[in-house]
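Have a look at protein.txt below; it lists compact mmCIF, N, CA and C atoms.
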```txt
# COMPACT_ATOMS: atom_id res chain seq x y z
N MET A 2 0.83 -1.17 0.00
CA MET A 2 0.00 0.00 0.00
C MET A 2 0.88 1.24 0.00
N LYS A 3 0.57 2.18 -0.88
CA LYS A 3 1.34 3.42 -0.92
C LYS A 3 1.05 4.25 0.31
N LYS A 4 2.04 5.00 0.75
CA LYS A 4 1.89 5.80 1.96
C LYS A 4 0.81 6.86 1.81
N GLU A 5 0.59 7.36 0.59
CA GLU A 5 -0.44 8.38 0.38
C GLU A 5 -1.83 7.81 0.65
N ASN A 6 -2.01 6.50 0.47
CA ASN A 6 -3.31 5.88 0.65
C ASN A 6 -3.47 5.25 2.03
N MET A 7 -2.48 5.40 2.88
CA MET A 7 -2.54 4.82 4.22
C MET A 7 -3.52 5.59 5.09
N LYS A 8 -4.17 4.89 6.00
CA LYS A 8 -5.02 5.54 6.98
C LYS A 8 -4.13 6.26 7.99
N PHE A 9 -4.70 7.27 8.63
CA PHE A 9 -3.97 8.06 9.60
C PHE A 9 -3.35 7.16 10.68
N GLU A 10 -4.14 6.23 11.19
CA GLU A 10 -3.68 5.33 12.25
C GLU A 10 -2.49 4.49 11.79
N ASP A 11 -2.53 4.05 10.53
CA ASP A 11 -1.42 3.26 9.99
C ASP A 11 -0.15 4.10 9.85
N LYS A 12 -0.32 5.37 9.50
CA LYS A 12 0.83 6.27 9.41
C LYS A 12 1.48 6.44 10.78
N ILE A 13 0.65 6.59 11.80
CA ILE A 13 1.17 6.74 13.16
C ILE A 13 1.92 5.48 13.59
N LYS A 14 1.36 4.31 13.30
CA LYS A 14 2.03 3.05 13.64
C LYS A 14 3.37 2.94 12.91
N THR A 15 3.40 3.34 11.65
CA THR A 15 4.64 3.30 10.89
C THR A 15 5.67 4.25 11.49
N LEU A 16 5.21 5.44 11.91
CA LEU A 16 6.12 6.39 12.56
C LEU A 16 6.68 5.83 13.85
N GLU A 17 5.83 5.21 14.65
CA GLU A 17 6.29 4.62 15.91
C GLU A 17 7.33 3.54 15.66
N LYS A 18 7.08 2.71 14.66
CA LYS A 18 8.03 1.64 14.31
C LYS A 18 9.36 2.23 13.87
N THR A 19 9.30 3.24 13.03
CA THR A 19 10.52 3.89 12.53
C THR A 19 11.31 4.53 13.66
N ILE A 20 10.61 5.20 14.56
CA ILE A 20 11.28 5.83 15.70
C ILE A 20 11.99 4.79 16.55
N ASN A 21 11.30 3.68 16.81
CA ASN A 21 11.92 2.60 17.60
C ASN A 21 13.16 2.05 16.91
N GLU A 22 13.10 1.88 15.57
CA GLU A 22 14.25 1.38 14.83
C GLU A 22 15.42 2.36 14.91
N LEU A 23 15.11 3.66 14.76
CA LEU A 23 16.17 4.67 14.82
C LEU A 23 16.77 4.77 16.21
N GLU A 24 15.93 4.67 17.23
CA GLU A 24 16.42 4.76 18.61
C GLU A 24 17.23 3.53 19.02
N SER A 25 17.01 2.41 18.35
CA SER A 25 17.71 1.18 18.72
C SER A 25 19.21 1.28 18.44
N GLY A 26 19.57 2.11 17.48
CA GLY A 26 20.98 2.25 17.12
C GLY A 26 21.50 1.12 16.26
N GLU A 27 20.63 0.24 15.83
CA GLU A 27 21.05 -0.91 15.04
C GLU A 27 20.95 -0.68 13.53
N VAL A 28 20.57 0.52 13.15
CA VAL A 28 20.42 0.87 11.74
C VAL A 28 21.64 1.69 11.32
N ASP A 29 22.23 1.32 10.18
CA ASP A 29 23.42 2.07 9.75
C ASP A 29 23.04 3.49 9.32
N LEU A 30 24.03 4.33 9.16
CA LEU A 30 23.81 5.75 8.90
C LEU A 30 22.98 5.99 7.64
N GLU A 31 23.33 5.32 6.56
CA GLU A 31 22.62 5.53 5.29
C GLU A 31 21.14 5.15 5.43
N GLU A 32 20.88 4.02 6.07
CA GLU A 32 19.50 3.57 6.26
C GLU A 32 18.77 4.50 7.24
N SER A 33 19.48 5.00 8.23
CA SER A 33 18.89 5.93 9.20
C SER A 33 18.40 7.21 8.51
N ILE A 34 19.22 7.72 7.60
CA ILE A 34 18.86 8.93 6.88
C ILE A 34 17.62 8.68 6.02
N LYS A 35 17.58 7.53 5.37
CA LYS A 35 16.44 7.17 4.54
C LYS A 35 15.17 7.06 5.40
N LYS A 36 15.26 6.38 6.52
CA LYS A 36 14.11 6.20 7.41
C LYS A 36 13.67 7.54 8.00
N TYR A 37 14.62 8.38 8.37
CA TYR A 37 14.30 9.69 8.92
C TYR A 37 13.54 10.53 7.89
N THR A 38 14.01 10.52 6.65
CA THR A 38 13.37 11.28 5.58
C THR A 38 11.95 10.80 5.35
N GLU A 39 11.76 9.48 5.30
CA GLU A 39 10.41 8.92 5.12
C GLU A 39 9.51 9.29 6.30
N ALA A 40 10.06 9.25 7.50
CA ALA A 40 9.28 9.58 8.69
C ALA A 40 8.84 11.04 8.66
N MET A 41 9.72 11.93 8.23
CA MET A 41 9.36 13.35 8.18
C MET A 41 8.26 13.60 7.15
N LYS A 42 8.28 12.86 6.06
CA LYS A 42 7.20 12.99 5.07
C LYS A 42 5.87 12.53 5.68
N LEU A 43 5.91 11.45 6.45
CA LEU A 43 4.70 10.99 7.12
C LEU A 43 4.20 12.00 8.14
N VAL A 44 5.12 12.62 8.86
CA VAL A 44 4.74 13.64 9.84
C VAL A 44 4.02 14.79 9.13
N GLN A 45 4.54 15.22 7.99
CA GLN A 45 3.91 16.31 7.24
C GLN A 45 2.52 15.90 6.75
N GLU A 46 2.38 14.67 6.27
CA GLU A 46 1.08 14.19 5.81
C GLU A 46 0.09 14.13 6.97
N CYS A 47 0.53 13.64 8.12
CA CYS A 47 -0.34 13.56 9.29
C CYS A 47 -0.75 14.95 9.75
N ASP A 48 0.18 15.88 9.77
CA ASP A 48 -0.12 17.24 10.17
C ASP A 48 -1.15 17.87 9.25
N LYS A 49 -0.97 17.68 7.95
CA LYS A 49 -1.91 18.22 6.97
C LYS A 49 -3.30 17.61 7.17
N GLN A 50 -3.33 16.30 7.39
CA GLN A 50 -4.60 15.61 7.58
C GLN A 50 -5.30 16.10 8.85
N LEU A 51 -4.55 16.29 9.92
CA LEU A 51 -5.13 16.79 11.17
C LEU A 51 -5.69 18.20 11.00
N LYS A 52 -4.99 19.05 10.27
CA LYS A 52 -5.47 20.41 10.04
C LYS A 52 -6.76 20.41 9.23
N GLU A 53 -6.85 19.52 8.23
CA GLU A 53 -8.07 19.41 7.43
C GLU A 53 -9.24 18.95 8.29
N ILE A 54 -8.98 17.98 9.15
CA ILE A 54 -10.03 17.47 10.03
C ILE A 54 -10.45 18.54 11.02
N GLU A 55 -9.49 19.29 11.54
CA GLU A 55 -9.80 20.36 12.48
C GLU A 55 -10.72 21.40 11.84
N GLU A 56 -10.47 21.72 10.57
CA GLU A 56 -11.32 22.67 9.87
C GLU A 56 -12.75 22.14 9.74
N GLN A 57 -12.87 20.84 9.45
CA GLN A 57 -14.19 20.24 9.31
C GLN A 57 -14.95 20.24 10.63
N VAL A 58 -14.25 19.93 11.71
CA VAL A 58 -14.89 19.80 13.00
C VAL A 58 -15.16 21.16 13.63
N SER A 59 -14.48 22.18 13.19
CA SER A 59 -14.63 23.49 13.80
C SER A 59 -15.87 24.23 13.28
N LYS A 60 -16.64 23.57 12.45
CA LYS A 60 -17.87 24.18 11.95
C LYS A 60 -19.05 23.35 12.44
N ILE A 61 -20.12 24.05 12.78
CA ILE A 61 -21.33 23.35 13.14
C ILE A 61 -22.40 23.70 12.11
N VAL A 62 -23.29 22.76 11.90
CA VAL A 62 -24.38 23.00 10.96
C VAL A 62 -25.61 23.37 11.77
N LEU A 63 -26.16 24.52 11.45
CA LEU A 63 -27.34 25.00 12.16
C LEU A 63 -28.58 24.30 11.62
N GLU A 64 -29.70 24.47 12.29
CA GLU A 64 -30.94 23.82 11.88
C GLU A 64 -31.34 24.17 10.46
N ASP A 65 -31.03 25.39 10.02
CA ASP A 65 -31.41 25.79 8.66
C ASP A 65 -30.42 25.31 7.60
N GLY A 66 -29.41 24.54 8.03
CA GLY A 66 -28.45 23.96 7.09
C GLY A 66 -27.23 24.81 6.83
N THR A 67 -27.17 26.00 7.41
CA THR A 67 -26.00 26.85 7.20
C THR A 67 -24.90 26.44 8.18
N GLU A 68 -23.68 26.72 7.77
CA GLU A 68 -22.53 26.41 8.62
C GLU A 68 -22.13 27.65 9.41
N GLN A 69 -21.64 27.39 10.60
CA GLN A 69 -21.16 28.47 11.46
C GLN A 69 -19.89 27.99 12.13
N ASP A 70 -18.93 28.90 12.26
CA ASP A 70 -17.71 28.54 12.97
C ASP A 70 -18.05 28.19 14.40
N PHE A 71 -17.38 27.19 14.91
CA PHE A 71 -17.61 26.74 16.27
C PHE A 71 -16.37 27.01 17.09
N SER A 72 -16.55 27.68 18.19
CA SER A 72 -15.41 27.89 19.07
C SER A 72 -15.92 27.97 20.51
N ILE A 73 -15.11 27.49 21.38
CA ILE A 73 -15.43 27.54 22.80
C ILE A 73 -14.56 28.62 23.42
N GLU A 74 -15.21 29.58 24.01
CA GLU A 74 -14.44 30.63 24.67
C GLU A 74 -13.95 30.11 26.00
N LYS A 75 -12.68 30.24 26.23
CA LYS A 75 -12.09 29.78 27.48
C LYS A 75 -12.21 30.89 28.51
N GLU A 76 -12.66 30.49 29.69
CA GLU A 76 -12.73 31.44 30.78
C GLU A 76 -11.38 31.57 31.44
N GLU A 77 -11.01 32.78 31.72
CA GLU A 77 -9.74 32.98 32.42
C GLU A 77 -9.99 32.88 33.91
N ASN A 78 -9.20 32.09 34.56
CA ASN A 78 -9.31 31.98 36.01
C ASN A 78 -8.55 33.13 36.65
N THR A 79 -9.29 33.92 37.39
CA THR A 79 -8.63 35.02 38.09
C THR A 79 -8.89 34.87 39.58
N LEU A 80 -7.89 35.15 40.32
CA LEU A 80 -8.02 35.11 41.77
C LEU A 80 -8.32 36.51 42.26
N ASP A 81 -9.41 36.63 42.97
CA ASP A 81 -9.77 37.97 43.49
C ASP A 81 -9.21 38.15 44.86
```

File written out as structure tokens:
Amino acid sequence: MKKENMKFEDKIKTLEKTINELESGEVDLEESIKKYTEAMKLVQECDKQLKEIEEQVSKIVLEDGTEQDFSIEKEENTLD
């Protein structure tokens, strides 16, 4: 399966596996560079996918079918 067609969860699992391989120290330098480069591409894909999902979820559909931005205002805790 091509990485572009991988599910988000599969990309994360691949990243975890790659990180473990790199941290083990058992991969030679050339292979480490290759794995690092592939991992960074996956990170960029995951980041892009998360941003797209965030945009979708940040909108709510009103009863009349129109979309509205959704945001939760955070209250600031102040000590009086």

What separation in Å, quoted to one decimal, exists between atom C of A:Asp11 and atom N of A:Leu30?
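Distance reported for this atom pair: 24.2 Å.
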
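The list of residues with at least one atom within 12 Å of A:Glu32, based on only C-alpha atoms and without residues fewer than 5 positions apart in the same chain, reads A:Thr19, A:Glu22, A:Leu23, A:Gly26, A:Glu27, A:Tyr37, A:Thr38, A:Glu39.
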
query = What is the distance between atom N of A:Glu68 and atom CA of A:Lys49, in Å to one decimal?
reply =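 These two atoms are separated by 23.4 Å.
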
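Going from atom CA of A:Lys18 to atom CA of A:Ile54 covers 24.4 Å.
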
inquiry  = Using DSSP secondary structure from the backbone, list all strand (DSSP E or B) positions within chain A, as number ranges by chain.
reply    = A: 60-62, 68-70

Surrounding residues of A:Lys60 excluding itself and chain neighbours under 2 positions, 8 Å, only C-alpha atoms, as a list of chain:residue names: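 Result of the neighbour search: A:Glu56, A:Gln57, A:Val58, A:Val62, A:Glu68, A:Gln69, A:Asp70, A:Phe71.
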
How about saving the chosen residues, N, CA and C atoms kept, as a short mmCIF file (atom, residue, chain, number, x, y, z; two decimals), keeping the file's coordinate frame?
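Generated file (result_5.cif):
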```cif
data_model
loop_
_atom_site.label_atom_id
_atom_site.label_comp_id
_atom_site.auth_asym_id
_atom_site.auth_seq_id
_atom_site.Cartn_x
_atom_site.Cartn_y
_atom_site.Cartn_z
N GLU A 56 -10.47 21.72 10.57
CA GLU A 56 -11.32 22.67 9.87
C GLU A 56 -12.75 22.14 9.74
N GLN A 57 -12.87 20.84 9.45
CA GLN A 57 -14.19 20.24 9.31
C GLN A 57 -14.95 20.24 10.63
N VAL A 58 -14.25 19.93 11.71
CA VAL A 58 -14.89 19.80 13.00
C VAL A 58 -15.16 21.16 13.63
N VAL A 62 -23.29 22.76 11.90
CA VAL A 62 -24.38 23.00 10.96
C VAL A 62 -25.61 23.37 11.77
N GLU A 68 -23.68 26.72 7.77
CA GLU A 68 -22.53 26.41 8.62
C GLU A 68 -22.13 27.65 9.41
N GLN A 69 -21.64 27.39 10.60
CA GLN A 69 -21.16 28.47 11.46
C GLN A 69 -19.89 27.99 12.13
N ASP A 70 -18.93 28.90 12.26
CA ASP A 70 -17.71 28.54 12.97
C ASP A 70 -18.05 28.19 14.40
N PHE A 71 -17.38 27.19 14.91
CA PHE A 71 -17.61 26.74 16.27
C PHE A 71 -16.37 27.01 17.09
#
```

Legend entry - Picked from chain A by DSSP as helix (DSSP H, G or I), as an NGL selection string: :A and (4-6 or 9-25 or 30-58)
